[in-house]
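*Asks:* Below you'll find the structure I mean.
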Amino acid sequence: VGPQVSGEAVGSSIVGKIFKQNIIGATSSAPLLSNKDRYPYFSRVFPSDAYQGKILARIAHSLGIRKMFTIAISPNTYLDGIIMEFTSECIRLGIHVLTITVPPSFTSTEAHHAYTSIINSNIRAGFIADNSGLPDLLITGKELGVFGANWTWFGSESLFNVAATASFIEGFIGVLPGRDVPSDARKELFHCVDSHMNDETGVFANLSITDPRDFWNTFYYDGLQIMARALHSIGGEWDKPDKLVESIRHTRYNGVTGPIEFDHETGDRLGVQYQIVNSVGGSMRTVGSVDSTTMRISFHGEPIMFPGGSSTMALDFIMKCTLEEHYQLEIESCEPLRT
């Protein structure tokens, strides 16, 4: 249990296929992991990026956006998956998409060139996918003024969970799997954490109050719960990995991260509730929700604030007219029709 990032999950899943070992991914989310033939023993408690990309595209469409650009670090298993699904859904919905990428070890010159291409395209609605944990790509964008008024921005969930990026993504829109889900499992987990918070010895010595309560750690907890329950339901001795994968994917559990059930063929988590978040004042606020089962988008609560502090969305495309032509017209009369 526990491949964290998609690259780790891919590697462990290949090994899992060779040795027929079951794996439950905690926060690995790349759509390619849904390939049931390539990764037959991989299941995950974190939703696929296919949902994130499609949901963001549908939110953009619901806001009236018809032209967009994407800027992302590529190649990257996690980010490529989101961009691929986002772009595919945009095309299906009739949104024109301009794709811009920078390499993982990009230079400031390469970042500058990428943003310049965006500025020159006249498209003013974009989606940035970055999980480097560093604001380098954002710094260049801010220097060029693309994160201010008259722009509309969507961001990958990784941008909303890195403290270093908070000051750059004012007015950004994103989606996150539902957090703070009330459940007995959540109460039990945090009661256990709180009861050991002052331990000075033993396995729980010197706990940090931020680490055990971290949102992402709850997916590891639910992954362990699923594996334990699947093993328990088999009972006795067994030697066939297919029996365990079947047990895992038929296990239902109301976990810390919400109700968990699986696609029996791919091992994907189903029915995840997403929050639509808006970055304002250095923090996130929830402005809507999405049910991934029905893909129904609901906006509620406070209005969306866009870059520049405006509650009105900017145009997604602008046209600058710089050509002037002056004409002198002469009219002649032709008798007798005067035409």
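If you're wondering about the labels, chains in the structure tokens are A, B, ... by order shown, residues count from 1 in each chain, ligands from 1 in order shown.
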Skip Leu244 of chain A itself and residues of its chain fewer than 3 positions away, then list as JSON, numbers by chain all residues within 12 Å of it, counting only C-alpha atoms.

*Replies:* {"A": [20, 21, 22, 23, 24, 40, 41, 42, 43, 226, 227, 228, 229, 230, 231, 232, 233, 234, 235, 237, 238, 239, 240, 241, 247, 248, 249, 250, 251]}

*Asks:* Could you save those same residues with C-alpha atoms as a tab-separated table (two decimals), in the first residue's frame?

*Replies:*
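This is the output file part-v8.tsv:
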chain	number	residue	atom	x	y	z
A	20	LYS	CA	1.49	-10.97	-9.31
A	21	GLN	CA	1.50	-8.72	-6.27
A	22	ASN	CA	-1.48	-6.52	-5.42
A	23	ILE	CA	-0.86	-2.79	-4.98
A	24	ILE	CA	-3.11	-0.03	-3.65
A	40	PRO	CA	-3.94	-5.78	-13.62
A	41	TYR	CA	-3.11	-5.74	-9.89
A	42	PHE	CA	-3.21	-1.99	-9.29
A	43	SER	CA	-6.10	-0.31	-7.44
A	226	ILE	CA	-9.11	-1.34	2.31
A	227	MET	CA	-6.21	-3.82	2.12
A	228	ALA	CA	-6.82	-5.05	5.67
A	229	ARG	CA	-10.54	-5.50	5.08
A	230	ALA	CA	-9.94	-7.28	1.76
A	231	LEU	CA	-7.50	-9.71	3.39
A	232	HIS	CA	-9.89	-10.30	6.27
A	233	SER	CA	-12.80	-11.06	3.95
A	234	ILE	CA	-10.78	-13.77	2.14
A	235	GLY	CA	-9.93	-15.57	5.40
A	237	GLU	CA	-4.98	-19.50	3.41
A	238	TRP	CA	-4.91	-18.52	-0.23
A	239	ASP	CA	-2.29	-18.36	-2.93
A	240	LYS	CA	-3.98	-16.75	-5.92
A	241	PRO	CA	-3.43	-12.99	-6.39
A	247	SER	CA	-11.67	-8.87	-2.86
A	248	ILE	CA	-10.06	-5.40	-2.91
A	249	ARG	CA	-12.28	-4.16	-5.72
A	250	HIS	CA	-15.45	-5.47	-4.09
A	251	THR	CA	-14.65	-3.87	-0.73

*Asks:* Would you mind reading off the distance between atom CA of Asp268 of chain A and atom CA of Ser292 of chain A, one decimal, in Å?

*Replies:* 12.2 Å

*Asks:* List every residue of segment 20-164 of chain A that DSSP, applied to the backbone of this structure, assigns to strand (DSSP E), and report them as a list in words.

*Replies:* Ile23, Ile24, Gly25, Phe42, Ser43, Arg44, Lys67, Met68, Phe69, Thr70, Ile71, Ala72, Ile73, His96, Val97, Leu98, Thr99, Ile100, Thr101, Val102, Ala125, Gly126, Phe127, Ile128, Ala129, Thr152, Trp153, Phe154 and Gly155 of chain A

*Asks:* For C-alpha atoms, I'd like the residues from the last selection saved as a short mmCIF file (atom, residue, chain, number, x, y, z; two decimals), in the first residue's frame.

*Replies:*
data_model
loop_
_atom_site.label_atom_id
_atom_site.label_comp_id
_atom_site.auth_asym_id
_atom_site.auth_seq_id
_atom_site.Cartn_x
_atom_site.Cartn_y
_atom_site.Cartn_z
CA ILE A 23 -0.86 -2.79 -4.98
CA ILE A 24 -3.11 -0.03 -3.65
CA GLY A 25 -2.02 3.46 -4.67
CA PHE A 42 -3.21 -1.99 -9.29
CA SER A 43 -6.10 -0.31 -7.44
CA ARG A 44 -6.23 3.18 -5.93
CA LYS A 67 -10.80 29.61 -26.29
CA MET A 68 -8.08 28.46 -23.89
CA PHE A 69 -4.39 27.71 -23.65
CA THR A 70 -2.55 25.23 -21.45
CA ILE A 71 0.95 25.62 -20.08
CA ALA A 72 2.54 22.65 -18.38
CA ILE A 73 5.80 20.98 -17.45
CA HIS A 96 -10.29 25.71 -28.97
CA VAL A 97 -7.06 24.87 -27.08
CA LEU A 98 -3.51 26.12 -27.61
CA THR A 99 -0.97 23.79 -25.94
CA ILE A 100 2.31 25.18 -24.58
CA THR A 101 4.91 23.09 -22.69
CA VAL A 102 8.24 23.64 -20.97
CA ALA A 125 -8.08 32.07 -20.41
CA GLY A 126 -5.59 29.41 -19.39
CA PHE A 127 -4.82 26.30 -17.40
CA ILE A 128 -1.41 25.86 -15.76
CA ALA A 129 -0.23 22.44 -14.60
CA THR A 152 -8.74 33.95 -16.28
CA TRP A 153 -6.74 31.09 -14.79
CA PHE A 154 -7.34 27.46 -13.83
CA GLY A 155 -4.71 25.46 -11.97
#

*Asks:* Just the residues within 12 Å of segment 7-17 of chain A, please, counting only C-alpha atoms, with nothing from its chain fewer than 5 positions along; format it as an NGL selection string.

*Replies:* :A and (1-2 or 22-44 or 46 or 75-81 or 241-242 or 245)

*Asks:* Excluding Tyr115 of chain A and any residue of its chain fewer than 3 positions from it, enumerate the residues within 8 Å of it, using only C-alpha atoms, and give them as a PyMOL selection string.

*Replies:* chain A and resi 111-112+118-119+141+144

*Asks:* Quick one: DSSP alpha helix (DSSP H) residues in segment 168-288 of chain A, as a PyMOL selection string?

*Replies:* chain A and resi 184-195+217-234+241-249

*Asks:* Write a file of the selected residues as a short mmCIF file (atom, residue, chain, number, x, y, z; two decimals), in the first residue's frame, keeping N, CA and C atoms.

*Replies:*
data_model
loop_
_atom_site.label_atom_id
_atom_site.label_comp_id
_atom_site.auth_asym_id
_atom_site.auth_seq_id
_atom_site.Cartn_x
_atom_site.Cartn_y
_atom_site.Cartn_z
N ASP A 184 -17.38 8.21 10.68
CA ASP A 184 -16.87 7.55 11.88
C ASP A 184 -15.39 7.26 11.74
N ALA A 185 -14.96 6.93 10.52
CA ALA A 185 -13.54 6.63 10.30
C ALA A 185 -12.68 7.85 10.59
N ARG A 186 -13.15 9.01 10.18
CA ARG A 186 -12.40 10.24 10.44
C ARG A 186 -12.30 10.52 11.93
N LYS A 187 -13.41 10.35 12.62
CA LYS A 187 -13.41 10.57 14.08
C LYS A 187 -12.45 9.62 14.77
N GLU A 188 -12.46 8.35 14.37
CA GLU A 188 -11.58 7.36 14.99
C GLU A 188 -10.11 7.68 14.74
N LEU A 189 -9.80 8.04 13.49
CA LEU A 189 -8.41 8.34 13.14
C LEU A 189 -7.90 9.53 13.94
N PHE A 190 -8.63 10.63 13.94
CA PHE A 190 -8.15 11.83 14.61
C PHE A 190 -8.22 11.73 16.13
N HIS A 191 -9.13 10.89 16.64
CA HIS A 191 -9.13 10.64 18.08
C HIS A 191 -7.85 9.91 18.48
N CYS A 192 -7.46 8.95 17.62
CA CYS A 192 -6.22 8.22 17.87
C CYS A 192 -5.01 9.16 17.80
N VAL A 193 -5.00 10.02 16.78
CA VAL A 193 -3.90 10.98 16.64
C VAL A 193 -3.82 11.90 17.87
N ASP A 194 -4.96 12.44 18.27
CA ASP A 194 -4.98 13.37 19.40
C ASP A 194 -4.55 12.71 20.70
N SER A 195 -4.91 11.44 20.87
CA SER A 195 -4.58 10.75 22.12
C SER A 195 -3.09 10.49 22.26
N ASN A 217 -2.32 12.42 3.87
CA ASN A 217 -2.05 11.22 4.66
C ASN A 217 -3.31 10.39 4.87
N THR A 218 -4.47 11.01 4.81
CA THR A 218 -5.71 10.27 5.03
C THR A 218 -5.94 9.24 3.93
N PHE A 219 -5.38 9.46 2.73
CA PHE A 219 -5.54 8.48 1.66
C PHE A 219 -4.71 7.23 1.94
N TYR A 220 -3.55 7.39 2.60
CA TYR A 220 -2.76 6.23 3.01
C TYR A 220 -3.55 5.41 4.03
N TYR A 221 -4.16 6.10 4.96
CA TYR A 221 -4.96 5.43 6.00
C TYR A 221 -6.09 4.62 5.38
N ASP A 222 -6.80 5.23 4.44
CA ASP A 222 -7.91 4.52 3.79
C ASP A 222 -7.40 3.36 2.94
N GLY A 223 -6.23 3.52 2.32
CA GLY A 223 -5.64 2.43 1.54
C GLY A 223 -5.33 1.23 2.41
N LEU A 224 -4.77 1.49 3.59
CA LEU A 224 -4.46 0.40 4.53
C LEU A 224 -5.73 -0.27 5.03
N GLN A 225 -6.77 0.53 5.26
CA GLN A 225 -8.05 -0.02 5.71
C GLN A 225 -8.65 -0.95 4.64
N ILE A 226 -8.58 -0.52 3.39
CA ILE A 226 -9.11 -1.34 2.31
C ILE A 226 -8.35 -2.66 2.20
N MET A 227 -7.01 -2.60 2.24
CA MET A 227 -6.21 -3.82 2.12
C MET A 227 -6.49 -4.77 3.28
N ALA A 228 -6.56 -4.22 4.50
CA ALA A 228 -6.82 -5.05 5.67
C ALA A 228 -8.20 -5.72 5.58
N ARG A 229 -9.18 -4.97 5.18
CA ARG A 229 -10.54 -5.50 5.08
C ARG A 229 -10.64 -6.54 3.96
N ALA A 230 -9.93 -6.32 2.86
CA ALA A 230 -9.94 -7.28 1.76
C ALA A 230 -9.30 -8.60 2.17
N LEU A 231 -8.17 -8.51 2.89
CA LEU A 231 -7.50 -9.71 3.39
C LEU A 231 -8.38 -10.46 4.38
N HIS A 232 -9.03 -9.70 5.25
CA HIS A 232 -9.89 -10.30 6.27
C HIS A 232 -11.07 -11.03 5.62
N SER A 233 -11.62 -10.46 4.57
CA SER A 233 -12.80 -11.06 3.95
C SER A 233 -12.45 -12.37 3.24
N ILE A 234 -11.20 -12.52 2.78
CA ILE A 234 -10.78 -13.77 2.14
C ILE A 234 -10.72 -14.88 3.18
N PRO A 241 -3.31 -14.45 -6.47
CA PRO A 241 -3.43 -12.99 -6.39
C PRO A 241 -4.75 -12.46 -6.95
N ASP A 242 -5.32 -13.18 -7.91
CA ASP A 242 -6.58 -12.72 -8.50
C ASP A 242 -7.72 -12.74 -7.47
N LYS A 243 -7.60 -13.63 -6.51
CA LYS A 243 -8.62 -13.69 -5.47
C LYS A 243 -8.55 -12.43 -4.60
N LEU A 244 -7.33 -11.96 -4.34
CA LEU A 244 -7.19 -10.75 -3.53
C LEU A 244 -7.62 -9.50 -4.30
N VAL A 245 -7.24 -9.39 -5.57
CA VAL A 245 -7.62 -8.20 -6.33
C VAL A 245 -9.14 -8.11 -6.45
N GLU A 246 -9.79 -9.26 -6.57
CA GLU A 246 -11.25 -9.28 -6.61
C GLU A 246 -11.83 -8.82 -5.28
N SER A 247 -11.21 -9.27 -4.19
CA SER A 247 -11.67 -8.87 -2.86
C SER A 247 -11.49 -7.38 -2.63
N ILE A 248 -10.33 -6.83 -3.06
CA ILE A 248 -10.06 -5.40 -2.91
C ILE A 248 -11.12 -4.58 -3.64
N ARG A 249 -11.40 -4.97 -4.88
CA ARG A 249 -12.28 -4.16 -5.72
C ARG A 249 -13.77 -4.36 -5.42
#

*Asks:* Would you compute the distance between atom CA of Trp151 of chain A and atom CA of Ala163 of chain A? Give it in Å to one decimal.

*Replies:*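 Computing it gives 22.4 Å between the two atoms.
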
*Asks:* In Å, with one decimal, what is the gap from atom CA of Leu315 of chain A to atom CA of Arg124 of chain A?

*Replies:*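 These two atoms are separated by 6.8 Å.
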
*Asks:* Of the residues A:Val203, A:Met84, A:Ile91, A:Ile55, which is the one nearest to Tyr274 of chain A, using only C-alpha atoms?

*Replies:* A:Ile55

*Asks:* Do a neighbour search on Val287 of chain A at 7 Å with only C-alpha atoms, toss out local chain neighbours closer than 5 positions, and write the hits as a count of residues only.

*Replies:* 9

*Asks:* Just checking: using only C-alpha atoms, which residue out of A:Val280, A:Ile83, A:Leu56, A:Val45 ends up closest to Phe168 of chain A?

*Replies:*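 With only C-alpha atoms as the atom set, the closest residue is A:Val280.
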